[in-house]
Amino acid sequence: RIWGRYRRSRKTEGGELSWYIFWKKKIDIFTTTAFENSKSVHMLTPSKLGLFEECQRCFWLENNKKLKRPQAMFSSLPNALDRMLKKRFDSFRQKGIMPPELSTIENAKLFDNLQLLEKWRNNFRGLLVFDDEGNGLKGAFDEVLMIDSCLVPLDFKSRGSPPKDETIEFYRSKLSLYNLLLHGDGHLVKDYAYLLFYFLVEENHSIKFNAQLVKVKTNIADAERLLEKAIAILNGPEPKHNPNCAFCCWSLGLPPKKKGMGVYDLSGENGGLSQ
């Protein structure tokens, strides 16, 4: 499966709209009818694939049956901080300089196409690529860096404390998917991305945010395998309930086998979680 750009062209002689999928140096043409007649076409995002890594049954139910997990109230602070950081980085972009948080990155500058970046930042538009079967992958970026003619994703994260190793590992798949999006859109990418954590500290009876930049190794091949497996699960029957998933157990009136969501297992056993 190869992921690439996807766009609508002019009408064909038969009146149907043709669709183009671009990747590398190859161009194939499909029609809307071909996609409608396929077994299934899915639109995936890094967030949805994060759910897949937690529990395959919850993922299947949300995408195939539109049955979502119950949602609790969430804090508005992370979204507010995210908006402020984007405006702050844009001010540095206009000046042609790097924010001090990124001073340790060599030969880097902020992505200079703000109009395109604004599109990629939009949760409803984002960056969208499709595979040769019509399945889509869409993601929204916080920031993009330019390093040695390559584009490198930068994701903002806010926390109440400094990040731990398991926190960084949690975001590795997401960053790999971001690189796959950029690669599929025809851009050169590196084998890494950045997380920029902002966390609270108390100094002299005052509360402020400290910043910590983390370089994360990514792997496009891993992202492709994750997508392949997620699509295969969606095209199959409903997975069995995951005894390690509190939501699955809650929906069936069963006690969870253990606390927490477990560790993702590509073998597909235990609904995607290791024991």
# chains A, B, ... in the order shown; residues from 1 in each chain; ligands from 1

$ closest_atom_pairs --of "region 194-246 of chain A" --to "region 68-88 of chain A" --cutoff "12 Å" --atoms "only C-alpha atoms" --output "CSV"
residue,atom,partner,partner_atom,distance
A:Leu196,CA,A:Leu85,CA,10.6
A:Phe197,CA,A:Asp82,CA,11.1
A:Tyr198,CA,A:Leu81,CA,9.2
A:Phe199,CA,A:Pro78,CA,10.8
A:Phe209,CA,A:Leu81,CA,10.5
A:Ala211,CA,A:Leu85,CA,11.6
A:Cys245,CA,A:Arg69,CA,11.2
A:Ala246,CA,A:Arg69,CA,10.4

$ write_last_selection --atoms "N, CA and C atoms" --output "PDB file, in the first residue's frame"
ATOM      1  N   LEU A 196       7.874  19.400  21.765  1.00  0.00           N
ATOM      2  CA  LEU A 196       8.238  20.544  22.597  1.00  0.00           C
ATOM      3  C   LEU A 196       7.271  20.602  23.766  1.00  0.00           C
ATOM      4  N   PHE A 197       7.762  20.186  24.929  1.00  0.00           N
ATOM      5  CA  PHE A 197       6.935  20.125  26.135  1.00  0.00           C
ATOM      6  C   PHE A 197       7.003  21.457  26.886  1.00  0.00           C
ATOM      7  N   TYR A 198       5.858  21.911  27.337  1.00  0.00           N
ATOM      8  CA  TYR A 198       5.757  23.045  28.249  1.00  0.00           C
ATOM      9  C   TYR A 198       5.112  22.524  29.531  1.00  0.00           C
ATOM     10  N   PHE A 199       5.806  22.678  30.654  1.00  0.00           N
ATOM     11  CA  PHE A 199       5.291  22.141  31.912  1.00  0.00           C
ATOM     12  C   PHE A 199       5.449  23.179  33.034  1.00  0.00           C
ATOM     13  N   PHE A 209       5.848  28.444  33.080  1.00  0.00           N
ATOM     14  CA  PHE A 209       6.070  27.297  32.216  1.00  0.00           C
ATOM     15  C   PHE A 209       7.545  27.199  31.847  1.00  0.00           C
ATOM     16  N   ALA A 211      10.207  24.954  29.265  1.00  0.00           N
ATOM     17  CA  ALA A 211      10.133  24.245  27.982  1.00  0.00           C
ATOM     18  C   ALA A 211      11.223  23.189  27.909  1.00  0.00           C
ATOM     19  N   CYS A 245      -9.072  -3.388  28.684  1.00  0.00           N
ATOM     20  CA  CYS A 245      -9.668  -2.086  28.361  1.00  0.00           C
ATOM     21  C   CYS A 245     -10.832  -1.803  29.315  1.00  0.00           C
ATOM     22  N   ALA A 246     -10.710  -0.742  30.083  1.00  0.00           N
ATOM     23  CA  ALA A 246     -11.748  -0.400  31.053  1.00  0.00           C
ATOM     24  C   ALA A 246     -13.062  -0.067  30.364  1.00  0.00           C
TER      25      ALA A 246
END

$ closest_atom_pairs --of "region 216-235 of chain A" --to "region 113-134 of chain A" --cutoff "12 Å" --atoms "only C-alpha atoms" --output "CSV"
residue,atom,partner,partner_atom,distance
A:Glu224,CA,A:Asp131,CA,10.3
A:Leu227,CA,A:Asp131,CA,10.2
A:Glu228,CA,A:Asp131,CA,10.3
A:Ile231,CA,A:Glu133,CA,10.7

$ write_last_selection --atoms "C-alpha atoms" --output "mmCIF file, in the first residue's frame"
data_model
loop_
_atom_site.group_PDB
_atom_site.id
_atom_site.type_symbol
_atom_site.label_atom_id
_atom_site.label_comp_id
_atom_site.auth_asym_id
_atom_site.auth_seq_id
_atom_site.Cartn_x
_atom_site.Cartn_y
_atom_site.Cartn_z
ATOM 1 C CA GLU A 224 2.523 2.095 7.234
ATOM 2 C CA LEU A 227 -2.247 1.700 9.016
ATOM 3 C CA GLU A 228 -2.326 -1.664 7.247
ATOM 4 C CA ILE A 231 -7.570 -1.036 7.977
#

$ residues_around --residues "region 180-193 of chain A" --least-positions-apart "2" --cutoff "9 Å" --atoms "only C-alpha atoms" --output "mmCIF file with C-alpha atoms, in the first residue's frame"
data_model
loop_
_atom_site.group_PDB
_atom_site.id
_atom_site.type_symbol
_atom_site.label_atom_id
_atom_site.label_comp_id
_atom_site.auth_asym_id
_atom_site.auth_seq_id
_atom_site.Cartn_x
_atom_site.Cartn_y
_atom_site.Cartn_z
ATOM 1 C CA ILE A 2 1.424 3.370 -1.042
ATOM 2 C CA TRP A 3 0.195 6.665 0.388
ATOM 3 C CA GLY A 4 0.164 9.844 -1.682
ATOM 4 C CA ARG A 5 -1.668 12.992 -2.690
ATOM 5 C CA TYR A 6 -5.239 12.744 -3.857
ATOM 6 C CA PHE A 22 0.260 10.837 -6.786
ATOM 7 C CA TRP A 23 3.250 9.069 -5.259
ATOM 8 C CA LYS A 24 6.887 9.129 -6.229
ATOM 9 C CA LEU A 127 -2.828 17.429 5.414
ATOM 10 C CA LEU A 128 -4.585 14.611 3.600
ATOM 11 C CA VAL A 129 -3.151 11.634 1.698
ATOM 12 C CA PHE A 130 -4.794 8.500 0.320
ATOM 13 C CA LEU A 137 -4.964 9.552 6.397
ATOM 14 C CA LYS A 138 -5.442 13.101 7.655
ATOM 15 C CA GLY A 139 -3.525 14.987 10.299
ATOM 16 C CA ILE A 147 16.193 21.236 8.113
ATOM 17 C CA SER A 149 15.750 20.825 2.606
ATOM 18 C CA CYS A 150 13.577 18.417 4.640
ATOM 19 C CA LEU A 151 10.391 19.073 6.588
ATOM 20 C CA VAL A 152 10.341 18.001 10.235
ATOM 21 C CA PRO A 153 7.162 17.939 12.392
ATOM 22 C CA LEU A 154 7.167 19.765 15.713
ATOM 23 C CA ASP A 155 4.353 18.991 18.156
ATOM 24 C CA ARG A 172 6.317 8.005 18.684
ATOM 25 C CA LEU A 175 5.092 11.521 14.933
ATOM 26 C CA SER A 176 5.832 8.681 12.496
ATOM 27 C CA LEU A 177 2.374 9.231 10.998
ATOM 28 C CA TYR A 178 3.121 12.944 10.616
ATOM 29 C CA LEU A 195 8.195 17.236 20.771
ATOM 30 C CA VAL A 214 12.836 16.260 22.753
ATOM 31 C CA LYS A 215 14.064 14.679 19.512
ATOM 32 C CA VAL A 216 12.103 11.505 18.729
ATOM 33 C CA LYS A 217 13.184 8.797 16.288
ATOM 34 C CA THR A 218 10.450 7.980 13.773
ATOM 35 C CA ASN A 219 9.860 5.221 11.238
ATOM 36 C CA ILE A 220 7.578 5.604 8.219
ATOM 37 C CA ALA A 221 7.549 1.840 7.662
ATOM 38 C CA ALA A 223 3.445 3.939 10.430
ATOM 39 C CA GLU A 224 2.523 2.095 7.234
#

$ closest_residue --among "A:Asn107, A:Asn244, A:Thr45, A:Ser158" --to "Leu213 (chain A)" --atoms "only C-alpha atoms"
A:Ser158
